[in-house]
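Here the structure comes first, spelled out in structure tokens, and everything after it is commentary.
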2 protein chains.
Amino acid sequence: MPRLDSEKPLLIDLYELTMADAYLAEGMNEPAVFEFFVRKLPERRGFLLAAGLEQVIDYLASLRFDSEVLAWIAQSGRFSSRLVDYLADFRFTGHVDAVPEGTAFFAGEPILRLTAPMPQAQLVETRLMNLLNVETIIASKAARMVLAAPGKQLVDFGARRAHGAEAALLAARASYIAGFAGTATVLAAPRFGIPLFGTMAHSYIEAHEDEIAAFENFAHARPRGIVLLIDTYDTERAAKRLVDLAKRLAGAGIVIQAVRIDSGDLAAHARNVRAILDEGGLTEVTIFASGGIDEEDLAEFTRAGVPIAGYGIGTSLDVSSDAPALDCAYKLQEYAGIARRKRSEGKATYPGRKQVWRRRAADGVFAGDIIGLVDERQAGDELLKPAMRNGMACGRSSLADIRAHAQNELAHLPEPLRRREPFAYPVEVSQALKDLAAECDRRLGL
Amino acid sequence: MPRLDSEKPLLIDLYELTMADAYLAEGMNEPAVFEFFVRKLPERRGFLLAAGLEQVIDYLASLRFDSEVLAWIAQSGRFSSRLVDYLADFRFTGHVDAVPEGTAFFAGEPILRLTAPMPQAQLVETRLMNLLNVETIIASKAARMVLAAPGKQLVDFGARRAHGAEAALLAARASYIAGFAGTATVLAAPRFGIPLFGTMAHSYIEAHEDEIAAFENFAHARPRGIVLLIDTYDTERAAKRLVDLAKRLAGAGIVIQAVRIDSGDLAAHARNVRAILDEGGLTEVTIFASGGIDEEDLAEFTRAGVPIAGYGIGTSLDVSSDAPALDCAYKLQEYAGIARRKRSEGKATYPGRKQVWRRRAADGVFAGDIIGLVDERQAGDELLKPAMRNGMACGRSSLADIRAHAQNELAHLPEPLRRREPFAYPVEVSQALKDLAAECDRRLGL
């Protein structure tokens, strides 16, 4: 099957190569510790759901610079032959600790810590951030939709509005982790084993002289899992005509599974169509809706008991339209055994190798987190776990297990977060970490 | 060089395959005409800049279903062997007419018209939309930044926040088309010939015991195009210390080109730093700024004469954060020689094969567009031009030509649009097109 482009070695910011070159010139090959974290949650996010680690590990494990890439680097005239030689033998040999995919997390908490010789740790920055950012932001948006519509079948319909091919594929994965039932993006099945869903387009109806003829032809061509799109011309008229067709098809042993409504007042149409179908004896035919649906629609329809069983969700999911990027960072926390700290205004970081501990109430609900140094002992579960040692992955979770973990996380969020309400989840910074930050400042003369 | 994943045949919605299967079962292989257009401009966009056509043409010309993909389709149990046989021989044989990349356009105007046997025209929908959407939305955002900061050097810094690898690469291309000076994303140079820019990261400074030692080492390792990052600890202090260093380096023939500021009040720091550099005789050293910059910052800094020569722009550009998706559609307009029309509420389309004519004032400024049928004659220039015939591309514009065309378009926008102000650009629908829509409705009994 076609692979993700995760091995693309030149999907990298120029300065990663420039800095690697300078580090090599200076012999700065000591271990560096970088951490990935989100500085501040987007306005409409009370928590985030981690995703993308598997793609990061695959990228690190497979990163090579082949002869074609090396030739381009060499002839670009920007770098030393020392760098070209270094890249020719490049293998990522470092360690990664990370929170498992599907874990809920909060601002300031490192979700990935990478330890490797400095040039390696620097070279992987761009792609590592690129992958964690997109999958985490989509998983986090999907999680809100899952919370807004308990028991509903949510399906990713967004490939056409995702930002490129890879974003479409990773959106299918991230939303499935968060609890979506599946996706319309075919590649997600062979690549990740994600269930596929699909209906028909308006063009199919329009290409036929008659709407009912289109339904009938489709049903005969595709005698299982039939979902008919009924809003091309007049939704209620189509539903009424469908009742007779369904009876004819039933005679041929063909069962219509659902109808899809994609425009207009979805709640009103769904109620009308439900009544028409029920009156016609089609109580088993469910209603599936699509068309610009966002989490507030899901919450409102669910609260109002609108008879829609499932939703196809595109734009709002695939670009996380109300929060399309994370304020995320990958920052140096230690080099050559010495803790490091950035002090830029509004962007200061806590130095050192960190761990996050999560305390839980008796019923398992998250009670609060503490960010401290790895060698501290704190109450609660350690969130960051070994993911890679000496360039080798530490096992691999199945997507089913990741998805189950995410469901368990969502089930144990504090109630306001489950209701998608503003809530300041308590995240503390340990005294030892504060002391280390002060020590760094003293060393820097600040 | 690594290729875009544009050949990925399973980056497709399930229903495209399902419908193709149904069309084949029914023998519906007549020519279909689909058009791509944007229904409604995003709230903060007065115009859009078309981009992505080259990737669409490459995709159409190269689309094949190889044996591995065919095997997956066959074993999925979802499709007929007729479809598998059809895909085994698949070649796109249709025509494409489109507005050249870099052309400004408005809501409702088709920017691409595709004519091909129905199963072909349907199968390419997902990826065609996916490509045109992402490049157009980023080019359109970049165009606003270019208009907001005339004469400034704008550089794409957003790979880490772009949605996946392909989005990062295409963002570099789309922003360059719109007038950016270049990108930090290395792959954009070998793939598209786009100029590269890069500086250094805070991690590089932090890894050294002393900031000035970091600057000096970097300068020696990289004796051309040196841009030093001065906000890691204290921006003004770094600028002052830099003055002495620059003199030392000048003795060794090494010239510092610019300093970068990435945090705090960028305008205030830029003024302070400019004064420090000027006083130290470093009048040739320019100031480059980055860090959460959006078009309003560019406009404000430009208006206020802040001494910043260039900007690195990430998130706001690469995800078009204030409008991350287009309300775009790819709709059937004709099948088997008969005009077709979708009538869904709020989503009705004009039927038939369309052209867009643009009238200009004497000074070349756009005066108004008219959307009509291809066989009409209207005043103005025809915007859609042949891009593909019988599956073969009709030539190819260089990226330089596309970029020059975009600059020419931006120069001839009506003044309010150049100032990024709300403006209802006049777009008419021809009487012949309205008549055809009414005729379609009569035929459908609506």
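In the structure tokens, chains take letters A, B, ... by order of appearance, with residues numbered from 1 within each chain and ligands from 1 in the order shown.
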
Chain fit of chain A to chain B, all Cα atoms, as a short mmCIF file (atom, residue, chain, number, x, y, z; two decimals) with C-alpha atoms, in the first residue's frame:
```
data_model
loop_
_atom_site.label_atom_id
_atom_site.label_comp_id
_atom_site.auth_asym_id
_atom_site.auth_seq_id
_atom_site.Cartn_x
_atom_site.Cartn_y
_atom_site.Cartn_z
CA MET A 1 13.74 14.30 -5.64
CA PRO A 2 10.88 12.96 -3.53
CA ARG A 3 7.56 13.42 -5.30
CA LEU A 4 4.30 14.70 -3.98
CA ASP A 5 1.86 11.94 -3.22
CA SER A 6 -0.37 13.22 -5.96
CA GLU A 7 -0.57 9.79 -7.54
CA LYS A 8 -2.07 8.21 -4.48
CA PRO A 9 -5.16 6.62 -6.03
CA LEU A 10 -6.87 5.66 -2.78
CA LEU A 11 -6.84 9.19 -1.40
CA ILE A 12 -10.46 9.22 -2.43
CA ASP A 13 -13.88 9.15 -0.78
CA LEU A 14 -15.46 5.70 -0.75
CA TYR A 15 -18.50 6.94 -2.61
CA GLU A 16 -16.47 7.87 -5.68
CA LEU A 17 -15.63 4.19 -6.14
CA THR A 18 -19.16 3.09 -5.26
CA MET A 19 -20.71 5.49 -7.75
CA ALA A 20 -18.21 4.58 -10.45
CA ASP A 21 -19.19 0.96 -9.94
CA ALA A 22 -22.88 1.84 -10.25
CA TYR A 23 -22.28 3.97 -13.37
CA LEU A 24 -20.45 1.06 -15.00
CA ALA A 25 -23.27 -1.32 -14.08
CA GLU A 26 -25.73 1.03 -15.76
CA GLY A 27 -23.50 1.74 -18.77
CA MET A 28 -23.49 5.44 -17.87
CA ASN A 29 -20.26 6.37 -19.59
CA GLU A 30 -21.41 9.51 -21.40
CA PRO A 31 -19.52 12.80 -21.05
CA ALA A 32 -20.05 14.60 -17.78
CA VAL A 33 -19.15 18.21 -17.09
CA PHE A 34 -18.19 19.15 -13.55
CA GLU A 35 -17.17 22.61 -12.34
CA PHE A 36 -15.20 23.64 -9.27
CA PHE A 37 -16.20 26.89 -7.61
CA VAL A 38 -16.42 28.59 -4.22
CA ARG A 39 -20.00 29.13 -3.06
CA LYS A 40 -19.30 31.98 -0.68
CA LEU A 41 -16.11 33.82 0.24
CA PRO A 42 -14.86 33.43 3.81
CA GLU A 43 -15.87 36.36 5.97
CA ARG A 44 -12.47 38.01 5.85
CA ARG A 45 -11.76 37.52 2.13
CA GLY A 46 -12.84 40.02 -0.53
CA PHE A 47 -11.27 37.95 -3.30
CA LEU A 48 -9.41 34.67 -3.74
CA LEU A 49 -6.27 33.81 -5.67
CA ALA A 50 -6.44 30.57 -7.66
CA ALA A 51 -3.70 28.01 -7.04
CA GLY A 52 -3.20 24.26 -7.26
CA LEU A 53 -3.98 23.71 -10.94
CA GLU A 54 -0.51 22.33 -11.72
CA GLN A 55 -0.89 19.66 -9.03
CA VAL A 56 -4.36 18.79 -10.32
CA ILE A 57 -3.11 18.38 -13.88
CA ASP A 58 -0.19 16.24 -12.67
CA TYR A 59 -2.62 14.11 -10.69
CA LEU A 60 -5.00 13.61 -13.62
CA ALA A 61 -2.20 12.84 -16.06
CA SER A 62 -0.54 10.30 -13.78
CA LEU A 63 -3.54 8.62 -12.12
CA ARG A 64 -3.16 4.83 -12.33
CA PHE A 65 -4.35 1.97 -10.16
CA ASP A 66 -1.44 -0.41 -9.73
CA SER A 67 -1.68 -4.10 -8.98
CA GLU A 68 -1.33 -3.66 -5.21
CA VAL A 69 -4.16 -1.13 -5.11
CA LEU A 70 -6.31 -3.26 -7.42
CA ALA A 71 -5.73 -6.27 -5.21
CA TRP A 72 -6.93 -4.33 -2.17
CA ILE A 73 -10.01 -3.10 -4.02
CA ALA A 74 -10.81 -6.60 -5.24
CA GLN A 75 -10.43 -8.27 -1.84
CA SER A 76 -12.37 -5.56 0.01
CA GLY A 77 -15.58 -7.25 -1.09
CA ARG A 78 -17.21 -3.87 -1.71
CA PHE A 79 -17.01 -3.66 -5.48
CA SER A 80 -17.73 -5.62 -8.63
CA SER A 81 -15.02 -7.24 -10.74
CA ARG A 82 -16.25 -4.90 -13.48
CA LEU A 83 -14.91 -1.96 -11.48
CA VAL A 84 -11.58 -3.69 -10.86
CA ASP A 85 -11.17 -4.36 -14.58
CA TYR A 86 -12.09 -0.78 -15.38
CA LEU A 87 -9.56 0.63 -12.93
CA ALA A 88 -6.81 -1.67 -14.19
CA ASP A 89 -6.95 0.14 -17.53
CA PHE A 90 -7.72 3.56 -16.10
CA ARG A 91 -6.32 6.58 -17.93
CA PHE A 92 -7.80 10.05 -17.58
CA THR A 93 -8.83 11.01 -21.11
CA GLY A 94 -10.84 14.16 -20.47
CA HIS A 95 -10.55 17.91 -20.93
CA VAL A 96 -9.88 20.59 -18.32
CA ASP A 97 -10.43 24.32 -18.69
CA ALA A 98 -9.34 26.50 -15.82
CA VAL A 99 -8.32 29.97 -14.78
CA PRO A 100 -4.52 30.23 -14.74
CA GLU A 101 -2.93 29.95 -11.32
CA GLY A 102 -2.44 33.34 -9.73
CA THR A 103 -5.75 34.68 -11.09
CA ALA A 104 -8.01 36.59 -8.68
CA PHE A 105 -11.57 35.29 -8.56
CA PHE A 106 -14.84 35.65 -6.68
CA ALA A 107 -17.74 33.63 -5.24
CA GLY A 108 -19.79 31.61 -7.68
CA GLU A 109 -17.23 31.74 -10.47
CA PRO A 110 -16.11 28.35 -11.79
CA ILE A 111 -12.33 28.27 -11.80
CA LEU A 112 -12.08 24.77 -13.27
CA ARG A 113 -14.33 22.87 -15.66
CA LEU A 114 -13.68 19.18 -16.23
CA THR A 115 -15.25 17.18 -19.07
CA ALA A 116 -14.80 13.41 -19.16
CA PRO A 117 -16.75 10.14 -19.29
CA MET A 118 -18.82 10.06 -16.11
CA PRO A 119 -16.89 7.44 -14.09
CA GLN A 120 -13.61 9.28 -14.72
CA ALA A 121 -15.05 12.66 -13.85
CA GLN A 122 -16.49 11.29 -10.63
CA LEU A 123 -13.40 9.35 -9.51
CA VAL A 124 -11.14 12.41 -9.48
CA GLU A 125 -13.43 14.60 -7.36
CA THR A 126 -11.88 14.10 -3.91
CA ARG A 127 -8.26 14.74 -4.77
CA LEU A 128 -9.04 17.57 -7.19
CA MET A 129 -10.95 19.43 -4.48
CA ASN A 130 -8.34 18.57 -1.86
CA LEU A 131 -5.57 20.18 -3.94
CA LEU A 132 -7.41 23.27 -5.21
CA ASN A 133 -8.82 24.01 -1.75
CA VAL A 134 -5.55 24.01 0.15
CA GLU A 135 -3.43 25.90 -2.34
CA THR A 136 -6.10 28.48 -3.11
CA ILE A 137 -6.81 29.20 0.52
CA ILE A 138 -3.13 29.67 1.34
CA ALA A 139 -2.40 31.73 -1.78
CA SER A 140 -5.38 33.92 -0.93
CA LYS A 141 -4.19 34.46 2.63
CA ALA A 142 -0.64 35.15 1.43
CA ALA A 143 -1.97 37.70 -1.06
CA ARG A 144 -3.51 39.70 1.79
CA MET A 145 -0.19 39.72 3.61
CA VAL A 146 1.61 40.89 0.48
CA LEU A 147 -0.93 43.70 0.09
CA ALA A 148 -0.57 44.60 3.78
CA ALA A 149 3.21 44.94 3.66
CA PRO A 150 4.34 46.35 0.33
CA GLY A 151 8.09 46.20 -0.15
CA LYS A 152 8.67 43.89 2.81
CA GLN A 153 10.38 40.53 2.50
CA LEU A 154 7.84 37.90 3.53
CA VAL A 155 9.03 34.36 4.17
CA ASP A 156 6.99 31.20 4.85
CA PHE A 157 8.12 29.78 8.22
CA GLY A 158 5.10 27.53 8.77
CA ALA A 159 6.08 23.92 7.99
CA ARG A 160 5.79 22.90 11.64
CA ARG A 161 2.19 24.15 11.90
CA ALA A 162 1.06 23.11 8.41
CA HIS A 163 -1.29 20.13 8.36
CA GLY A 164 1.14 17.40 7.34
CA ALA A 165 4.02 17.16 4.90
CA GLU A 166 2.17 17.93 1.72
CA ALA A 167 0.46 20.98 3.19
CA ALA A 168 3.85 22.36 4.21
CA LEU A 169 5.25 21.92 0.73
CA LEU A 170 2.18 23.33 -1.02
CA ALA A 171 2.04 26.29 1.38
CA ALA A 172 5.54 27.22 0.25
CA ARG A 173 4.40 27.09 -3.37
CA ALA A 174 1.09 28.91 -2.84
CA SER A 175 2.65 31.74 -0.82
CA TYR A 176 5.45 32.17 -3.35
CA ILE A 177 2.86 32.50 -6.12
CA ALA A 178 1.15 35.24 -4.10
CA GLY A 179 4.38 37.22 -3.76
CA PHE A 180 6.26 35.84 -0.79
CA ALA A 181 10.04 36.02 -1.20
CA GLY A 182 10.52 32.37 -0.31
CA THR A 183 10.27 29.74 2.36
CA ALA A 184 12.20 27.94 5.09
CA THR A 185 10.91 24.56 3.85
CA VAL A 186 13.91 22.97 2.14
CA LEU A 187 11.98 20.59 -0.13
CA ALA A 188 10.41 23.57 -1.89
CA ALA A 189 13.78 24.39 -3.47
CA PRO A 190 14.49 21.10 -5.28
CA ARG A 191 10.79 20.56 -6.07
CA PHE A 192 9.75 24.03 -7.18
CA GLY A 193 12.89 26.17 -7.33
CA ILE A 194 11.61 28.42 -4.55
CA PRO A 195 14.26 30.56 -2.74
CA LEU A 196 15.15 29.36 0.75
CA PHE A 197 15.58 31.45 3.88
CA GLY A 198 16.69 30.45 7.32
CA THR A 199 18.10 31.76 10.54
CA MET A 200 18.84 29.92 13.80
CA ALA A 201 16.72 28.61 16.65
CA HIS A 202 16.74 29.49 20.34
CA SER A 203 18.05 26.01 21.06
CA TYR A 204 21.28 26.91 19.28
CA ILE A 205 21.81 29.90 21.56
CA GLU A 206 20.84 27.96 24.67
CA ALA A 207 23.19 25.08 23.89
CA HIS A 208 26.13 27.48 24.17
CA GLU A 209 27.28 28.74 27.52
CA ASP A 210 27.26 32.28 26.22
CA GLU A 211 25.00 33.98 23.68
CA ILE A 212 27.81 35.90 22.00
CA ALA A 213 29.89 32.73 21.70
CA ALA A 214 26.91 31.15 19.93
CA PHE A 215 26.68 34.08 17.49
CA GLU A 216 30.39 33.95 16.80
CA ASN A 217 30.51 30.20 16.23
CA PHE A 218 27.50 30.36 13.93
CA ALA A 219 29.06 33.17 11.94
CA HIS A 220 32.27 31.23 11.44
CA ALA A 221 30.42 28.04 10.49
CA ARG A 222 28.19 29.90 8.07
CA PRO A 223 30.03 32.90 6.65
CA ARG A 224 27.25 34.02 4.25
CA GLY A 225 23.71 35.28 4.83
CA ILE A 226 24.03 35.35 8.60
CA VAL A 227 20.85 36.12 10.51
CA LEU A 228 21.31 36.09 14.30
CA LEU A 229 18.43 35.47 16.71
CA ILE A 230 18.69 38.02 19.52
CA ASP A 231 15.67 37.49 21.78
CA THR A 232 16.59 34.34 23.69
CA TYR A 233 17.36 36.17 26.95
CA ASP A 234 17.24 39.97 26.57
CA THR A 235 16.80 41.51 23.14
CA GLU A 236 18.38 44.92 23.67
CA ARG A 237 21.28 43.51 25.69
CA ALA A 238 22.01 41.08 22.85
CA ALA A 239 21.87 43.88 20.28
CA LYS A 240 24.37 45.94 22.26
CA ARG A 241 26.78 43.03 22.62
CA LEU A 242 26.38 42.31 18.94
CA VAL A 243 27.85 45.67 17.96
CA ASP A 244 31.28 44.72 19.27
CA LEU A 245 31.07 41.24 17.80
CA ALA A 246 30.17 42.62 14.38
CA LYS A 247 33.32 44.73 14.38
CA ARG A 248 35.46 41.71 15.32
CA LEU A 249 33.82 39.63 12.59
CA ALA A 250 34.22 42.39 10.03
CA GLY A 251 37.94 42.09 10.66
CA ALA A 252 37.67 38.47 9.50
CA GLY A 253 35.65 39.53 6.47
CA ILE A 254 32.39 38.16 7.89
CA VAL A 255 29.29 40.32 7.50
CA ILE A 256 26.15 39.99 9.62
CA GLN A 257 23.14 40.42 7.37
CA ALA A 258 20.30 40.69 9.82
CA VAL A 259 19.05 40.08 13.33
CA ARG A 260 15.83 38.28 14.13
CA ILE A 261 13.39 39.18 16.92
CA ASP A 262 10.78 36.52 17.75
CA SER A 263 9.00 37.63 20.94
CA GLY A 264 7.66 40.52 22.97
CA ASP A 265 6.48 43.86 21.54
CA LEU A 266 8.06 43.47 18.11
CA ALA A 267 7.60 47.11 17.09
CA ALA A 268 9.13 48.48 20.29
CA HIS A 269 12.03 46.04 20.20
CA ALA A 270 12.64 46.74 16.52
CA ARG A 271 12.88 50.49 17.16
CA ASN A 272 15.23 49.98 20.13
CA VAL A 273 17.40 47.53 18.22
CA ARG A 274 17.47 49.75 15.14
CA ALA A 275 18.76 52.62 17.30
CA ILE A 276 21.39 50.41 18.94
CA LEU A 277 22.59 49.04 15.62
CA ASP A 278 22.66 52.46 13.96
CA GLU A 279 24.53 53.99 16.86
CA GLY A 280 27.02 51.15 16.60
CA GLY A 281 27.52 51.83 12.91
CA LEU A 282 25.63 48.72 11.81
CA THR A 283 23.22 50.60 9.53
CA GLU A 284 23.37 47.83 6.93
CA VAL A 285 22.22 45.13 9.34
CA THR A 286 18.48 44.70 8.83
CA ILE A 287 15.84 43.54 11.28
CA PHE A 288 13.78 40.44 10.59
CA ALA A 289 10.79 39.61 12.79
CA SER A 290 8.74 36.49 13.49
CA GLY A 291 6.41 35.09 16.12
CA GLY A 292 2.66 34.88 15.62
CA ILE A 293 2.51 37.57 12.95
CA ASP A 294 -0.71 38.01 11.00
CA GLU A 295 -1.81 40.41 8.29
CA GLU A 296 -3.03 43.07 10.74
CA ASP A 297 0.41 43.20 12.36
CA LEU A 298 2.00 43.62 8.95
CA ALA A 299 -0.40 46.42 8.06
CA GLU A 300 0.07 48.17 11.39
CA PHE A 301 3.88 47.91 11.39
CA THR A 302 4.05 49.10 7.80
CA ARG A 303 1.74 52.06 8.48
CA ALA A 304 3.75 52.99 11.57
CA GLY A 305 7.07 52.75 9.75
CA VAL A 306 8.48 50.16 12.15
CA PRO A 307 12.05 49.44 11.02
CA ILE A 308 11.51 45.76 10.15
CA ALA A 309 12.68 44.72 6.70
CA GLY A 310 11.28 41.23 6.61
CA TYR A 311 8.98 38.80 8.34
CA GLY A 312 8.93 35.07 8.91
CA ILE A 313 5.29 34.01 8.93
CA GLY A 314 4.08 30.65 10.14
CA THR A 315 0.72 29.63 11.56
CA SER A 316 -1.45 32.44 10.22
CA LEU A 317 -0.23 31.65 6.69
CA ASP A 318 0.18 27.89 6.64
CA VAL A 319 -3.26 27.10 8.04
CA SER A 320 -4.86 30.37 6.92
CA SER A 321 -5.94 30.60 10.52
CA ASP A 322 -8.78 33.10 10.12
CA ALA A 323 -10.27 31.08 7.24
CA PRO A 324 -8.83 27.56 7.14
CA ALA A 325 -11.21 26.13 4.53
CA LEU A 326 -13.18 27.24 1.51
CA ASP A 327 -16.86 26.57 1.01
CA CYS A 328 -15.96 24.98 -2.30
CA ALA A 329 -17.81 22.52 -4.50
CA TYR A 330 -17.26 20.31 -7.56
CA LYS A 331 -20.67 19.96 -9.13
CA LEU A 332 -22.19 18.17 -12.10
CA GLN A 333 -23.41 20.75 -14.61
CA GLU A 334 -24.12 18.59 -17.64
CA TYR A 335 -24.44 14.89 -18.43
CA ALA A 336 -24.92 13.28 -21.84
CA GLY A 337 -25.46 16.70 -23.39
CA ILE A 338 -28.19 17.74 -20.96
CA ALA A 339 -27.68 20.52 -18.43
CA ARG A 340 -28.03 19.39 -14.79
CA ARG A 341 -28.79 21.27 -11.65
CA LYS A 342 -28.69 20.63 -7.93
CA ARG A 343 -31.56 22.32 -6.12
CA SER A 344 -30.68 21.54 -2.49
CA GLU A 345 -31.66 24.37 -0.17
CA GLY A 346 -28.99 27.07 0.03
CA LYS A 347 -26.81 25.05 -2.34
CA ALA A 348 -28.56 25.39 -5.71
CA THR A 349 -26.16 25.59 -8.64
CA TYR A 350 -26.36 27.14 -12.10
CA PRO A 351 -26.31 24.41 -14.72
CA GLY A 352 -24.39 24.06 -17.99
CA ARG A 353 -20.84 24.66 -19.23
CA LYS A 354 -19.79 28.06 -18.07
CA GLN A 355 -17.25 30.75 -18.79
CA VAL A 356 -16.33 33.87 -16.79
CA TRP A 357 -15.69 37.19 -18.52
CA ARG A 358 -13.87 40.04 -16.79
CA ARG A 359 -14.21 43.65 -17.84
CA ARG A 360 -11.49 46.17 -17.02
CA ALA A 361 -11.37 49.92 -16.72
CA ALA A 362 -9.03 51.93 -18.96
CA ASP A 363 -6.24 51.61 -16.38
CA GLY A 364 -6.67 47.85 -16.33
CA VAL A 365 -8.43 47.71 -12.96
CA PHE A 366 -11.09 44.97 -12.75
CA ALA A 367 -14.52 46.53 -13.39
CA GLY A 368 -16.80 43.51 -13.06
CA ASP A 369 -17.29 39.88 -14.05
CA ILE A 370 -20.08 38.04 -15.78
CA ILE A 371 -20.73 34.32 -15.53
CA GLY A 372 -22.36 32.90 -18.64
CA LEU A 373 -22.48 29.86 -20.89
CA VAL A 374 -19.40 28.95 -22.91
CA ASP A 375 -21.10 29.59 -26.24
CA GLU A 376 -22.20 33.10 -25.31
CA ARG A 377 -20.36 36.23 -26.35
CA GLN A 378 -19.76 38.69 -23.56
CA ALA A 379 -17.57 41.75 -23.16
CA GLY A 380 -14.25 41.23 -21.37
CA ASP A 381 -11.51 38.63 -21.14
CA GLU A 382 -12.38 34.95 -20.84
CA LEU A 383 -10.87 33.67 -17.58
CA LEU A 384 -11.09 29.91 -18.15
CA LYS A 385 -8.55 28.66 -20.66
CA PRO A 386 -7.70 25.19 -21.96
CA ALA A 387 -5.50 23.32 -19.47
CA MET A 388 -5.87 19.71 -20.64
CA ARG A 389 -7.19 18.06 -23.81
CA ASN A 390 -7.82 14.31 -24.10
CA GLY A 391 -5.82 13.72 -20.94
CA MET A 392 -2.78 15.68 -22.17
CA ALA A 393 -1.68 18.89 -20.47
CA CYS A 394 -1.82 22.03 -22.66
CA GLY A 395 1.65 23.32 -21.83
CA ARG A 396 2.76 24.42 -18.41
CA SER A 397 3.47 27.85 -16.98
CA SER A 398 6.70 28.41 -15.09
CA LEU A 399 6.35 29.28 -11.44
CA ALA A 400 7.99 32.63 -12.20
CA ASP A 401 5.32 33.40 -14.79
CA ILE A 402 2.53 32.35 -12.43
CA ARG A 403 3.99 34.59 -9.72
CA ALA A 404 4.28 37.53 -12.13
CA HIS A 405 0.67 36.97 -13.21
CA ALA A 406 -0.45 37.03 -9.57
CA GLN A 407 1.40 40.30 -8.97
CA ASN A 408 -0.31 41.78 -11.99
CA GLU A 409 -3.67 40.62 -10.70
CA LEU A 410 -3.08 42.13 -7.25
CA ALA A 411 -2.01 45.38 -8.89
CA HIS A 412 -5.32 45.62 -10.76
CA LEU A 413 -7.75 44.79 -7.98
CA PRO A 414 -10.21 47.56 -7.16
CA GLU A 415 -8.68 49.83 -4.47
CA PRO A 416 -10.85 48.64 -1.55
CA LEU A 417 -9.72 45.07 -2.18
CA ARG A 418 -6.09 46.17 -2.35
CA ARG A 419 -6.64 47.82 1.04
CA ARG A 420 -8.25 44.56 2.28
CA GLU A 421 -11.51 46.35 2.98
CA PRO A 422 -15.01 44.93 2.52
CA PHE A 423 -16.11 45.42 -1.09
CA ALA A 424 -18.87 43.78 -3.09
CA TYR A 425 -17.12 43.17 -6.39
CA PRO A 426 -19.77 43.03 -9.13
CA VAL A 427 -20.34 39.50 -10.48
CA GLU A 428 -23.35 39.08 -12.75
CA VAL A 429 -25.06 35.98 -14.07
CA SER A 430 -26.00 36.15 -17.76
CA GLN A 431 -29.61 35.96 -18.90
CA ALA A 432 -28.87 32.85 -20.95
CA LEU A 433 -27.61 31.08 -17.82
CA LYS A 434 -30.68 32.11 -15.84
CA ASP A 435 -32.89 30.85 -18.66
CA LEU A 436 -31.11 27.51 -18.70
CA ALA A 437 -31.58 27.15 -14.93
CA ALA A 438 -35.33 27.79 -15.33
CA GLU A 439 -35.49 25.26 -18.15
CA CYS A 440 -33.81 22.64 -15.93
CA ASP A 441 -36.35 23.26 -13.20
CA ARG A 442 -39.23 22.84 -15.64
CA ARG A 443 -37.76 19.57 -16.88
CA LEU A 444 -37.48 18.32 -13.29
CA GLY A 445 -41.06 19.37 -12.54
CA LEU A 446 -39.92 21.85 -9.86
#
```

Could you tell me, as a ChimeraX atom specification, which residues of range 40-151 of chain A DSSP assigns to strand (DSSP E) when given the backbone? /A:40,48-49,95-98,104-105,112-117

Taking only range 166-228 of chain B into account, list the residues labelled helix (DSSP H, G or I) by DSSP (computed from the backbone), as a ChimeraX atom specification. /B:166-178,188-192,202-207,211-221
